[in-house]
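Peer 1: Please see the structure below; I have some questions.
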Amino acid sequence: LGNSLRDSLGKLSGQSRVTEEDVEEIVKEIQRSLLQADVEVSLVMELSDSIKERALEEESPAGTSARDHVLSIVYEEMVALVGDSTEIPLEEQTILLAGLQGSGKTTTAAKMAWWFSKKGLRPAIVQTDTFRPGAYDQAKEMAGRAEVDFYGDPDEEDPVKIARDGLEATSDADVHIVDTAGRHALEDDLIDEIEDIERAVDPDRNLLVLDAAIGQGAKDQASQFDDSIGIEGVIVTKLDGTAKGGGALTAVNETDSSIAFLGTGEEVKNIERFEPSGFISRLLGMGDLKQLTERVERAMEETQEEEEDWDPEDMLKGEFTLKDMRRQMQAMNNMGPLDQVMDMIPGMGGGGGLMDELPDDAMDVTQDRMRSFEVIMDSMTEAELENPRAIGASQVERIAKGSGKDEERVRELLEQHKMMSQTLKQFQGMGQGNMERMMKKMQGGGGGGGGGMGGM
Ligand code: GDP
Ligand code: MG
């Protein structure tokens with residue numbers, strides 16, 4: 001399947017523009033690969049839509065073939081969907097592992113303990129599975145292989161008591177990994193048990209362990225565990241087999257979390273921190289996606305550099321785009337808040353100036369907001385930056401996902417842009433000389449501008 005995707009992409013290598021049919025063909029191949037890798041149908045459809053939209057809307061940067069451009073869009077959209085790896089701070093913490101029987105919890109507990117010990121922390125495994133015969137021996141043996149602290153009690157029947165005693169007995173350790181029992185299917189008693197353990201242990205994060213072969217079953221499992229204890233991250237095991245682990249995307253989507261670790265074998269060392277590019281390349285059956293995307297990004301940056309010689313006056317001539325706003329914000333970083341700058345200009349600030357007539361927050365872009373606005377703009381397409389008015393609800397959703405910011409924040413940015421652009425329209429009617437001087441100031445930044453400011 002990777003091959004047919006390669007074939008349809010291959011056709012594009014010489015072209016610099018894609019047609020609708022080209023995009024349809026590529027998207028069909030991608031759909032096939034993803035469904036084959038157990039990615040849920042609705043996710044595949046969502047992804048297809050955004051890929052189609054962007055591939056047709058965005059121009060490929062100079063020197064980049066249509067093939068590379070489409071592929072980098074595919075990659076970016078998938079990264080937005082799967083997200084970065086779950087943050088695992090290297091500090092004292094308690095982690096609870098949840099998942100069905102056989103998903104790989106006990107093995108993963110030992111692997112993670114080994115991983116933490118390599119990072120210089122002292123981990124301990126607390127084994128609470130009283131359901132499966134032999135669970136204690138297996139966990140103890142694996143902890144021995146990982147050379148980490150271990151607590152379990154084969155004679156105790158209450159998993160909650162084992163959990164409590166275990167945390168106490170291993171109080172010298174920095175990181176506590178609490179392994180739990182599973183069942184063959186989700187049953188009420190399993191959910192009750194893990195809820196009781198979670199209450200007793202009060203973990204810093206609950207991680208869901210999923211077999212890479214889980215497929216469409218991922219949805220129910222993920223949502224049930226999430227409802228009962230809350231899931232902060234997913235671990236995909238058995239990726240050394242043939243399964244590609246597309247179910248993890250469902251789980252991540254369902255729990256609004258991300259992937260933390262990948263299990264790639266039966267040994268304690270067979271653990272990797274999740275990293276989107278390898279996982280995505282594997283899902284698509286392609287090997288070189290990240291590199292390619294970086295190449296396209298570089299080409300984009302070069303294109304942008306060419307545009308750099310920007311004249312602030314342009315802002316007054318045409319539409320005030322988000323790109324203008326971004327430059328504006330960058331300029332402001334050197335100057336201070338825009339309303340203070342305005343205050344320095346005769347007729348604008350001070351008592352009775354135009355500034356008094358503006359809504360208070362029209363120019364209020366604090367540093368924090370600016371920073372998050374910049375991150376949001378990085379997740380926008382060229383077309384969106386040029387024409388923010390055309391950004392609808394579905395784009396807002398995509399941009400929010402891509403930037404890791406709330407949709408609310410994205411809308412706030414659009415609102416801010418609207419206000420600034422209205423404000424500028426008001427200024428356009430004012431003396432052109434004043435306006436030019438102000439813009440030059442802002443553009444010039446702190447250095448030379450500083451001395452002259454008092455004289456304005
Ligand atoms: P638990 O019931 O969730 O605790 O699952 P276990 O940790 O006992 O694992 C079930 C089986 O899967 C065992 O035979 C493990 O050796 C195997 N296993 C777990 N993780 C991996 C993995 O990443 N790769 C492979 N090949 N086998 C694994
Ligand atoms: Mg187990």
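Convention: chains lettered A, B, ... in structure tokens order; per-chain residue numbering from 1; ligands numbered from 1 as shown.
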Residues at most 10 Å from Met380 (chain A), counting only C-alpha atoms, excluding those fewer than 3 positions away in the same chain, as number ranges by chain?
Peer 2: A: 322, 375-377, 383-386, 388, 391, 395-396, 398-400, 402-403
Peer 1: Just want the residues within 8 Å of ligand 2, written as a list in words, counting only C-alpha atoms and all ligand atoms.
Peer 2: Gln101, Gly102, Gly104, Lys105, Thr106, Thr107, Asp129, Arg132, Ala135, Gln138, Ala139, Asp179, Thr180, Ala181 and Gly182 of chain A
Peer 1: What lies within 9 Å of Thr255 (chain A) using only C-alpha atoms, ignoring chain neighbours under 6 positions off, as a PyMOL selection string?
Peer 2: chain A and resi 222-223+225-227+230-233
Peer 1: Distance CA of Ile259 (chain A)-CA of Arg67 (chain A), one decimal place?
Peer 2: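 Atom-to-atom, CA of Ile259 (chain A) and CA of Arg67 (chain A) are spaced 28.7 Å apart.
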Peer 1: Just checking: using only C-alpha atoms, which residue out of A:Glu168, A:Glu53, A:Glu76, A:Glu147 ends up closest to Val201 (chain A)?
Peer 2: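 Selected residue with least distance to Val201 (chain A): A:Glu168.
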